[in-house]
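Structure below is final.txt: compact mmCIF, C-alpha atoms.
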```txt
# COMPACT_ATOMS: atom_id res chain seq x y z
CA MET A 1268 4.09 16.33 -5.83
CA ASN A 1269 2.19 18.91 -7.90
CA LYS A 1270 2.35 16.66 -10.97
CA SER A 1271 1.81 13.34 -9.19
CA ALA A 1272 -1.24 11.24 -10.06
CA LEU A 1273 -3.21 9.86 -7.12
CA LEU A 1274 -3.50 6.12 -7.84
CA ILE A 1275 -6.28 4.60 -5.71
CA ILE A 1276 -5.97 0.81 -5.63
CA ASP A 1277 -8.84 -1.59 -4.81
CA VAL A 1278 -10.80 0.48 -2.26
CA GLN A 1279 -13.81 -1.81 -2.69
CA LYS A 1280 -16.67 -2.84 -0.43
CA GLY A 1281 -15.69 -6.50 -0.59
CA PHE A 1282 -12.74 -5.81 1.70
CA ASP A 1283 -15.23 -5.32 4.55
CA ASN A 1284 -16.01 -9.05 4.37
CA PRO A 1285 -14.95 -10.63 7.70
CA ALA A 1286 -13.37 -13.57 5.85
CA TRP A 1287 -10.23 -11.46 5.33
CA GLY A 1288 -9.47 -11.50 9.07
CA SER A 1289 -8.30 -8.65 11.30
CA ARG A 1290 -7.28 -5.42 9.59
CA ASN A 1291 -5.06 -2.56 10.70
CA ASN A 1292 -5.50 1.17 10.17
CA PRO A 1293 -9.29 1.71 10.07
CA ASP A 1294 -8.53 5.34 9.11
CA ALA A 1295 -7.17 4.39 5.68
CA GLU A 1296 -10.41 5.24 3.84
CA SER A 1297 -10.85 8.61 5.57
CA ASN A 1298 -7.23 9.51 4.81
CA ILE A 1299 -7.71 8.49 1.19
CA ALA A 1300 -10.86 10.66 1.09
CA ARG A 1301 -8.88 13.65 2.40
CA LEU A 1302 -6.21 13.13 -0.26
CA LEU A 1303 -8.80 12.64 -3.00
CA SER A 1304 -10.64 15.82 -2.01
CA THR A 1305 -7.42 17.83 -2.18
CA TRP A 1306 -6.34 16.26 -5.47
CA ARG A 1307 -9.73 17.14 -7.00
CA SER A 1308 -9.79 20.66 -5.61
CA LYS A 1309 -6.40 21.35 -7.19
CA GLY A 1310 -7.28 19.72 -10.51
CA LEU A 1311 -4.56 17.10 -10.11
CA PRO A 1312 -4.87 13.73 -11.86
CA VAL A 1313 -6.76 10.94 -10.12
CA ILE A 1314 -6.75 7.32 -11.32
CA HIS A 1315 -9.06 4.61 -9.97
CA VAL A 1316 -8.20 0.91 -10.00
CA LYS A 1317 -10.70 -1.86 -9.28
CA HIS A 1318 -9.84 -5.50 -8.66
CA CYS A 1319 -12.09 -7.83 -10.64
CA SER A 1320 -11.24 -11.25 -9.29
CA ILE A 1321 -11.67 -14.18 -11.66
CA SER A 1322 -12.58 -16.39 -8.70
CA PRO A 1323 -16.42 -16.58 -8.48
CA LYS A 1324 -16.17 -16.99 -4.69
CA SER A 1325 -14.16 -13.81 -4.14
CA PRO A 1326 -16.01 -10.82 -2.62
CA LEU A 1327 -14.23 -8.81 -5.35
CA HIS A 1328 -15.66 -10.80 -8.29
CA PRO A 1329 -17.59 -8.50 -10.69
CA ASP A 1330 -20.83 -10.40 -9.97
CA GLN A 1331 -20.53 -9.73 -6.23
CA PRO A 1332 -21.77 -6.53 -4.54
CA GLY A 1333 -18.33 -6.23 -2.92
CA ASN A 1334 -16.82 -5.44 -6.29
CA ALA A 1335 -18.19 -1.88 -5.97
CA PHE A 1336 -15.96 1.00 -4.96
CA LYS A 1337 -16.42 2.24 -1.41
CA ASP A 1338 -18.34 5.49 -1.11
CA GLU A 1339 -15.20 7.41 -0.04
CA VAL A 1340 -13.56 6.89 -3.43
CA TRP A 1341 -16.54 6.84 -5.81
CA PRO A 1342 -15.18 8.10 -9.15
CA GLU A 1343 -16.38 11.40 -10.55
CA ALA A 1344 -17.16 11.83 -14.22
CA GLY A 1345 -13.99 12.05 -16.27
CA GLU A 1346 -11.75 10.29 -13.80
CA PRO A 1347 -10.16 7.24 -15.46
CA GLU A 1348 -10.87 3.75 -14.14
CA PHE A 1349 -8.77 0.65 -14.76
CA SER A 1350 -9.82 -2.92 -13.98
CA LYS A 1351 -7.34 -5.66 -13.14
CA THR A 1352 -7.48 -9.38 -12.42
CA VAL A 1353 -4.07 -9.77 -10.76
CA ASN A 1354 -2.26 -7.87 -8.03
CA SER A 1355 -0.24 -5.56 -10.23
CA VAL A 1356 -2.05 -2.56 -11.69
CA PHE A 1357 0.35 -2.76 -14.64
CA ILE A 1358 -0.50 -6.23 -15.96
CA GLY A 1359 -3.37 -6.47 -18.43
CA THR A 1360 -4.66 -2.94 -17.76
CA GLY A 1361 -3.10 -0.52 -20.23
CA LEU A 1362 -2.18 1.76 -17.32
CA GLU A 1363 1.49 2.06 -18.32
CA ASP A 1364 0.56 3.31 -21.81
CA TYR A 1365 -2.01 5.70 -20.33
CA LEU A 1366 0.55 7.23 -17.95
CA HIS A 1367 3.02 7.75 -20.79
CA GLU A 1368 0.32 9.27 -23.03
CA GLN A 1369 -0.66 11.65 -20.22
CA LYS A 1370 3.03 12.41 -19.52
CA LEU A 1371 2.57 11.33 -15.90
CA SER A 1372 5.84 10.08 -14.43
CA SER A 1373 5.02 10.36 -10.73
CA LEU A 1374 2.46 8.39 -8.72
CA THR A 1375 1.07 8.83 -5.22
CA ILE A 1376 -0.20 5.38 -4.26
CA VAL A 1377 -2.94 4.58 -1.74
CA GLY A 1378 -5.39 1.70 -1.25
CA LEU A 1379 -5.73 -1.93 -0.29
CA THR A 1380 -3.91 -4.06 0.65
CA THR A 1381 -0.47 -2.90 1.75
CA ASP A 1382 1.36 -6.17 1.18
CA HIS A 1383 -0.52 -7.62 -1.78
CA CYS A 1384 -1.79 -5.27 -4.50
CA VAL A 1385 -0.28 -2.04 -3.14
CA SER A 1386 3.19 -3.51 -2.66
CA THR A 1387 3.16 -5.35 -5.99
CA SER A 1388 2.00 -2.24 -7.85
CA THR A 1389 4.51 0.00 -6.07
CA ARG A 1390 7.36 -2.36 -6.94
CA MET A 1391 6.39 -2.63 -10.59
CA ALA A 1392 5.76 1.11 -10.91
CA ALA A 1393 9.26 1.82 -9.62
CA ASN A 1394 10.85 -0.86 -11.80
CA LEU A 1395 9.07 0.59 -14.85
CA GLY A 1396 10.64 3.96 -14.10
CA PHE A 1397 7.87 5.84 -12.32
CA GLU A 1398 8.58 7.93 -9.22
CA VAL A 1399 6.41 6.63 -6.38
CA THR A 1400 5.24 8.15 -3.11
CA LEU A 1401 3.41 5.63 -0.94
CA ILE A 1402 1.12 6.94 1.80
CA SER A 1403 1.60 4.81 4.91
CA ASP A 1404 -1.65 5.74 6.67
CA ALA A 1405 -3.74 5.60 3.48
CA THR A 1406 -3.22 1.87 3.05
CA ALA A 1407 -4.01 -1.13 5.25
CA THR A 1408 -3.78 -4.88 5.27
CA PHE A 1409 -4.93 -8.03 7.05
CA GLU A 1410 -3.37 -10.59 9.34
CA ARG A 1411 -1.54 -13.31 7.38
CA GLU A 1412 -0.44 -16.88 7.99
CA GLY A 1413 3.21 -17.71 7.32
CA PRO A 1414 4.26 -20.87 5.48
CA GLY A 1415 4.88 -22.61 8.82
CA GLY A 1416 1.38 -21.81 10.08
CA LYS A 1417 2.37 -18.90 12.33
CA MET A 1418 -0.05 -15.95 12.31
CA PHE A 1419 1.26 -12.40 11.99
CA SER A 1420 -0.87 -9.37 12.89
CA ALA A 1421 -2.07 -6.91 10.29
CA GLU A 1422 -0.02 -4.16 11.93
CA THR A 1423 3.15 -6.26 11.67
CA MET A 1424 2.44 -7.15 8.03
CA HIS A 1425 1.87 -3.46 7.28
CA ASP A 1426 4.96 -2.11 9.04
CA ILE A 1427 7.41 -4.69 7.70
CA ASN A 1428 6.13 -4.44 4.15
CA LEU A 1429 6.56 -0.66 4.25
CA ALA A 1430 10.13 -1.18 5.48
CA SER A 1431 10.83 -3.43 2.48
CA LEU A 1432 9.47 -0.82 0.06
CA ASN A 1433 10.91 2.25 1.77
CA ASP A 1434 13.77 3.92 -0.20
CA GLU A 1435 14.11 0.91 -2.53
CA PHE A 1436 10.91 1.35 -4.52
CA CYS A 1437 9.35 4.54 -3.15
CA VAL A 1438 9.35 7.32 -0.63
CA VAL A 1439 6.92 6.61 2.22
CA LYS A 1440 5.01 9.61 3.60
CA THR A 1441 1.93 10.19 5.75
CA THR A 1442 -1.29 11.81 4.57
CA ASP A 1443 -0.56 14.94 6.62
CA GLN A 1444 2.95 15.25 5.20
CA VAL A 1445 1.61 15.15 1.65
CA LEU A 1446 -1.29 17.54 2.34
CA ASP A 1447 1.10 19.97 4.03
CA LEU A 1448 3.33 19.92 0.95
CA LEU A 1449 0.38 20.42 -1.40
CA ASN A 1450 -1.08 23.25 0.67
CA ALA A 1451 2.25 24.98 1.34
CA MET B 659 8.12 -30.04 -9.85
CA ASN B 660 9.72 -32.22 -12.54
CA LYS B 661 9.19 -29.52 -15.15
CA SER B 662 10.00 -26.52 -12.96
CA ALA B 663 12.92 -24.27 -13.91
CA LEU B 664 15.29 -23.36 -11.08
CA LEU B 665 15.53 -19.55 -11.23
CA ILE B 666 18.58 -18.35 -9.29
CA ILE B 667 18.35 -14.62 -8.57
CA ASP B 668 21.31 -12.36 -7.78
CA VAL B 669 23.59 -14.78 -5.89
CA GLN B 670 26.54 -12.43 -6.37
CA LYS B 671 29.70 -11.73 -4.40
CA GLY B 672 28.73 -8.10 -3.83
CA PHE B 673 26.12 -9.19 -1.30
CA ASP B 674 28.99 -10.10 1.07
CA ASN B 675 29.76 -6.37 1.39
CA PRO B 676 29.20 -5.35 5.03
CA ALA B 677 27.43 -2.17 3.90
CA TRP B 678 24.21 -4.20 3.51
CA GLY B 679 24.00 -4.77 7.27
CA SER B 680 23.11 -7.94 9.15
CA ARG B 681 21.82 -10.89 7.12
CA ASN B 682 19.73 -13.89 8.05
CA ASN B 683 20.05 -17.50 6.88
CA PRO B 684 23.79 -17.97 6.18
CA ASP B 685 22.88 -21.41 4.77
CA ALA B 686 21.04 -19.95 1.76
CA GLU B 687 23.99 -20.46 -0.62
CA SER B 688 24.63 -24.06 0.47
CA ASN B 689 20.94 -24.86 0.08
CA ILE B 690 20.93 -23.28 -3.37
CA ALA B 691 24.00 -25.36 -4.25
CA ARG B 692 22.18 -28.55 -3.18
CA LEU B 693 19.17 -27.64 -5.32
CA LEU B 694 21.36 -26.70 -8.27
CA SER B 695 23.29 -29.97 -8.08
CA THR B 696 20.07 -31.97 -8.11
CA TRP B 697 18.54 -29.91 -10.93
CA ARG B 698 21.68 -30.49 -13.02
CA SER B 699 21.91 -34.20 -12.25
CA LYS B 700 18.33 -34.67 -13.41
CA GLY B 701 18.74 -32.52 -16.53
CA LEU B 702 16.13 -30.02 -15.34
CA PRO B 703 16.23 -26.41 -16.57
CA VAL B 704 18.39 -23.90 -14.69
CA ILE B 705 18.24 -20.14 -15.28
CA HIS B 706 20.75 -17.65 -13.85
CA VAL B 707 19.95 -14.00 -13.18
CA LYS B 708 22.54 -11.35 -12.37
CA HIS B 709 21.82 -7.87 -11.07
CA CYS B 710 23.82 -5.23 -12.96
CA SER B 711 23.20 -2.08 -10.97
CA ILE B 712 23.33 1.19 -12.89
CA SER B 713 24.68 2.91 -9.76
CA PRO B 714 28.50 3.10 -10.03
CA LYS B 715 28.79 2.91 -6.23
CA SER B 716 26.84 -0.34 -5.92
CA PRO B 717 28.84 -3.51 -5.16
CA LEU B 718 26.69 -5.08 -7.90
CA HIS B 719 27.71 -2.65 -10.66
CA PRO B 720 29.25 -4.51 -13.64
CA ASP B 721 32.59 -2.72 -13.09
CA GLN B 722 32.81 -3.97 -9.49
CA PRO B 723 34.21 -7.38 -8.53
CA GLY B 724 31.04 -7.96 -6.51
CA ASN B 725 29.06 -8.23 -9.73
CA ALA B 726 30.43 -11.78 -10.17
CA PHE B 727 28.32 -14.80 -9.34
CA LYS B 728 29.25 -16.58 -6.11
CA ASP B 729 31.16 -19.83 -6.60
CA GLU B 730 28.17 -21.92 -5.43
CA VAL B 731 26.08 -20.89 -8.44
CA TRP B 732 28.70 -20.42 -11.16
CA PRO B 733 26.88 -21.16 -14.44
CA GLU B 734 27.84 -24.18 -16.50
CA ALA B 735 28.10 -24.02 -20.27
CA GLY B 736 24.68 -23.96 -21.88
CA GLU B 737 22.81 -22.61 -18.86
CA PRO B 738 21.05 -19.35 -19.79
CA GLU B 739 21.99 -16.11 -18.06
CA PHE B 740 19.84 -12.99 -17.86
CA SER B 741 21.04 -9.58 -16.68
CA LYS B 742 18.74 -7.03 -15.07
CA THR B 743 19.02 -3.47 -13.79
CA VAL B 744 15.87 -3.38 -11.63
CA ASN B 745 14.43 -5.72 -9.02
CA SER B 746 12.09 -7.68 -11.26
CA VAL B 747 13.65 -10.38 -13.42
CA PHE B 748 10.86 -9.75 -15.93
CA ILE B 749 11.57 -6.11 -16.79
CA GLY B 750 14.08 -5.45 -19.56
CA THR B 751 15.41 -9.02 -19.65
CA GLY B 752 13.49 -11.03 -22.24
CA LEU B 753 12.95 -13.75 -19.62
CA GLU B 754 9.18 -13.94 -20.13
CA ASP B 755 9.59 -14.60 -23.88
CA TYR B 756 12.32 -17.16 -23.17
CA LEU B 757 10.10 -19.08 -20.74
CA HIS B 758 7.26 -19.16 -23.25
CA GLU B 759 9.61 -20.27 -26.04
CA GLN B 760 10.93 -23.07 -23.83
CA LYS B 761 7.37 -23.96 -22.74
CA LEU B 762 8.33 -23.48 -19.10
CA SER B 763 5.31 -22.50 -17.01
CA SER B 764 6.64 -23.37 -13.55
CA LEU B 765 9.48 -21.71 -11.64
CA THR B 766 11.33 -22.68 -8.47
CA ILE B 767 12.76 -19.41 -7.15
CA VAL B 768 15.84 -19.00 -4.94
CA GLY B 769 18.36 -16.22 -4.34
CA LEU B 770 18.86 -12.78 -2.88
CA THR B 771 17.22 -10.84 -1.35
CA THR B 772 13.95 -12.20 0.00
CA ASP B 773 12.10 -8.90 0.21
CA HIS B 774 13.58 -6.98 -2.71
CA CYS B 775 14.42 -8.85 -5.92
CA VAL B 776 13.09 -12.28 -4.89
CA SER B 777 9.73 -10.92 -3.71
CA THR B 778 9.31 -8.60 -6.68
CA SER B 779 10.17 -11.35 -9.15
CA THR B 780 7.90 -13.88 -7.42
CA ARG B 781 4.99 -11.43 -7.50
CA MET B 782 5.45 -10.58 -11.15
CA ALA B 783 5.98 -14.22 -12.15
CA ALA B 784 2.68 -15.16 -10.53
CA ASN B 785 0.85 -12.18 -12.01
CA LEU B 786 2.17 -13.10 -15.47
CA GLY B 787 0.68 -16.57 -15.04
CA PHE B 788 3.66 -18.69 -13.98
CA GLU B 789 3.35 -21.25 -11.19
CA VAL B 790 5.91 -20.40 -8.52
CA THR B 791 7.50 -22.40 -5.72
CA LEU B 792 9.64 -20.23 -3.45
CA ILE B 793 12.27 -21.94 -1.30
CA SER B 794 12.24 -20.33 2.14
CA ASP B 795 15.70 -21.50 3.26
CA ALA B 796 17.32 -20.81 -0.12
CA THR B 797 16.81 -17.08 0.13
CA ALA B 798 17.91 -14.45 2.65
CA THR B 799 17.75 -10.76 3.29
CA PHE B 800 19.16 -7.93 5.37
CA GLU B 801 17.96 -5.78 8.24
CA ARG B 802 15.91 -2.81 7.01
CA GLU B 803 14.94 0.61 8.31
CA GLY B 804 11.26 1.49 8.30
CA PRO B 805 10.01 4.91 7.15
CA GLY B 806 9.86 6.07 10.78
CA GLY B 807 13.50 5.13 11.41
CA LYS B 808 12.80 1.90 13.29
CA MET B 809 15.14 -0.98 12.45
CA PHE B 810 13.77 -4.45 11.75
CA SER B 811 15.96 -7.57 11.87
CA ALA B 812 16.76 -9.57 8.76
CA GLU B 813 14.91 -12.58 10.21
CA THR B 814 11.78 -10.50 10.72
CA MET B 815 11.99 -9.03 7.22
CA HIS B 816 12.41 -12.54 5.80
CA ASP B 817 9.58 -14.20 7.74
CA ILE B 818 6.99 -11.47 7.19
CA ASN B 819 7.76 -11.14 3.51
CA LEU B 820 7.32 -14.89 3.06
CA ALA B 821 3.95 -14.62 4.85
CA SER B 822 2.87 -11.92 2.36
CA LEU B 823 3.86 -14.10 -0.60
CA ASN B 824 2.61 -17.43 0.78
CA ASP B 825 -0.48 -18.77 -1.02
CA GLU B 826 -1.12 -15.44 -2.77
CA PHE B 827 1.78 -15.54 -5.23
CA CYS B 828 3.48 -18.87 -4.60
CA VAL B 829 3.78 -22.03 -2.59
CA VAL B 830 6.59 -21.74 -0.04
CA LYS B 831 8.64 -24.89 0.58
CA THR B 832 11.98 -25.79 2.16
CA THR B 833 14.99 -27.16 0.31
CA ASP B 834 14.52 -30.57 1.91
CA GLN B 835 10.83 -30.71 0.97
CA VAL B 836 11.68 -30.03 -2.69
CA LEU B 837 14.61 -32.46 -2.78
CA ASP B 838 12.46 -35.15 -1.20
CA LEU B 839 9.83 -34.63 -3.88
CA LEU B 840 12.41 -34.73 -6.67
CA ASN B 841 14.13 -37.82 -5.29
CA ALA B 842 10.93 -39.71 -4.45
```

Can the structure from this file be put into C-alpha cells for me?
Amino acid sequence: MNKSALLIIDVQKGFDNPAWGSRNNPDAESNIARLLSTWRSKGLPVIHVKHCSISPKSPLHPDQPGNAFKDEVWPEAGEPEFSKTVNSVFIGTGLEDYLHEQKLSSLTIVGLTTDHCVSTSTRMAANLGFEVTLISDATATFEREGPGGKMFSAETMHDINLASLNDEFCVVKTTDQVLDLLNA
Amino acid sequence: MNKSALLIIDVQKGFDNPAWGSRNNPDAESNIARLLSTWRSKGLPVIHVKHCSISPKSPLHPDQPGNAFKDEVWPEAGEPEFSKTVNSVFIGTGLEDYLHEQKLSSLTIVGLTTDHCVSTSTRMAANLGFEVTLISDATATFEREGPGGKMFSAETMHDINLASLNDEFCVVKTTDQVLDLLNA
C-alpha cells in the first residue's frame, strides 16, 4: 500500500448531469477526497485521469463545462494528468509506459463509474500485470437498462460489478480499511 | 453481420469442474454450436481462443485435461487459434494485429465466462475500435462472492454484467436474432 499510486478516474462535473439517471453512493467524492488528502500528506503518487468524450453531446466532451474535474479532486501542481477517449485508462494514454518509467507496479483505483471506466481500467490493469486495490465506497455508478429493457438499480450494478472484479482482477477494500493501513 | 468474425472464448472442458460453483445457461454450448455451424456453412471467419492458465492448479492449465476445447467448438483445419494467459483476448496474443491484417473490424463474441473473460474481451475490443455483438444466450457464468462475503447467483451475475456492457461496449443479441439475420 505504501508504494501504491492513487489512480483517480473521471471524477468530473459532467457526471452530475441528471441525464445519467439515479446514482448510488453519494459519498464517493468525499471518500476520494479523504484518500487524496492522505496520499498527498504522505508524498505518495497520485495520478489523475479525465475522460474527454469524442461525442459533442456528451457532458464530458472537452468543450463542455462538465469536462472539468470536480473540486474534490482538483490536481495540484506536479501531479500527472492523463486524458482518454475510451473507457480504459490504458488505451491511447501512455499511462502504462509512465507507470513502468516511475517503477509503479501497484494501483489504488477510485472514481466513476464502477461498471464502465473503473471496471474496464481495473481489468486491464490486472491483465497488464499491475496489482490493483479497488475502493468500493470511493466509486459509484448509475442505474442501467439490460438488453431486454429491464432496469437495474445503481446499487445493484455497483455490488454485482464489484463481485465480478473481486479476487479475479483486484482486492476490494473500503476507504477506512485503506486509511487504517496507511496510518498504522 | 455478414463480415463479423465469430470469436469463441474459452469453451474448454475445465469449466465443467464443480469447483467453479453453480452455472447459469446450460444451453450456451449448444447455442455456440448452432452459431459455429452457420458461420462455417457460410464461409464466415471463425476465431478460437483458449485460456492457458499459468496456475498449475487451474483446470485450464495446459497440463490439465480441462485445457482441451469442448467437443462443440473443436476447431477445424484452417481456423485460427489464439492462446491467452489473462482474461483479455487482446493481451499477449497477437489477435489485434491478426484482425487488422485480415481487415476484420466486427466481432461476434460468445464463450465463457460472461463476467470475466467475455466481459473483459468485449470491453477491450470496443475500446480498441472493433464493433462488437455479444450473444447473451451463448455465454454463461458462475455464482460469485462479493467483497463482503455475500453470494450472488450465476443468473444475477450474467444479467447485470450484460446490462453494464449493453450499448456502452456492444450490442447484445440472442442466438436466434443473429441466425435470423444471417439466414434472411

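Considering the residues A:Leu1432, A:Ala1407, A:Ile1299, A:Val1445 and counting only C-alpha atoms, His1315 in chain A has its shortest atom-to-atom contact with A:Ile1299.
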
Checklist entry - Leaving out Leu840 in chain B and any residue of its chain fewer than 3 positions from it, which residues lie within 10 Å of it when counting all atoms listed in the file, given as a PyMOL selection string? => result chain B and resi 659-660+693+696-697+700+834-837

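Across A:Thr1400, A:Gln1279, A:Thr1381, A:Ser1431, the tightest approach to Pro1329 in chain A is made by A:Gln1279 when counting all atoms listed in the file.
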
Next on the checklist: Give me, as a list of chain:residue names, all polymer residues having an atom no more than 10 Å from Asp1382 in chain A, counting only C-alpha atoms and skipping those fewer than 2 positions away in the same chain.
Outcome noted: A:Leu1379, A:Thr1380, A:Cys1384, A:Val1385, A:Ser1386, A:Thr1387, A:Ser1388, A:Thr1406, A:Ala1407, A:Thr1408, A:Phe1409, A:Arg1411, A:Ala1421, A:Met1424, A:His1425, A:Asp1426, A:Ile1427, A:Asn1428, A:Leu1429, A:Ser1431, A:Leu1432, B:Ile818, B:Asn819, B:Ala821, B:Ser822, B:Leu823

Mind dumping the selected residues with C-alpha atoms as a CSV table (one decimal), keeping the file's coordinate frame?
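Ended up saving to selection_20.csv:
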```csv
chain,number,residue,atom,x,y,z
A,1379,LEU,CA,-5.7,-1.9,-0.3
A,1380,THR,CA,-3.9,-4.1,0.6
A,1384,CYS,CA,-1.8,-5.3,-4.5
A,1385,VAL,CA,-0.3,-2.0,-3.1
A,1386,SER,CA,3.2,-3.5,-2.7
A,1387,THR,CA,3.2,-5.4,-6.0
A,1388,SER,CA,2.0,-2.2,-7.8
A,1406,THR,CA,-3.2,1.9,3.0
A,1407,ALA,CA,-4.0,-1.1,5.2
A,1408,THR,CA,-3.8,-4.9,5.3
A,1409,PHE,CA,-4.9,-8.0,7.0
A,1411,ARG,CA,-1.5,-13.3,7.4
A,1421,ALA,CA,-2.1,-6.9,10.3
A,1424,MET,CA,2.4,-7.2,8.0
A,1425,HIS,CA,1.9,-3.5,7.3
A,1426,ASP,CA,5.0,-2.1,9.0
A,1427,ILE,CA,7.4,-4.7,7.7
A,1428,ASN,CA,6.1,-4.4,4.2
A,1429,LEU,CA,6.6,-0.7,4.2
A,1431,SER,CA,10.8,-3.4,2.5
A,1432,LEU,CA,9.5,-0.8,0.1
B,818,ILE,CA,7.0,-11.5,7.2
B,819,ASN,CA,7.8,-11.1,3.5
B,821,ALA,CA,4.0,-14.6,4.8
B,822,SER,CA,2.9,-11.9,2.4
B,823,LEU,CA,3.9,-14.1,-0.6
```

Checklist entry - In terms of the shortest atom-to-atom distance over all atoms listed in the file, which of A:His1383, A:Lys1270, A:Arg1290, A:Arg1307 is closest to chain B? => result A:His1383

Item to check | Contact set, chain A to chain B: 6 Å, all atoms listed in the file, as an MDAnalysis selection string | outcome: chainID A and resid 1353 1394 1412:1413 1430

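Across the structure, CA of Ala1392 in chain A and CA of Asp674 in chain B are spaced 28.4 Å apart.
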
Item to check | Point-to-point distance from CA of Ala677 in chain B to CA of Ile712 in chain B, Å rounded to tenths | outcome: 17.6 Å

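CA of Ser1308 in chain A sits 22.4 Å away from CA of Tyr1365 in chain A.
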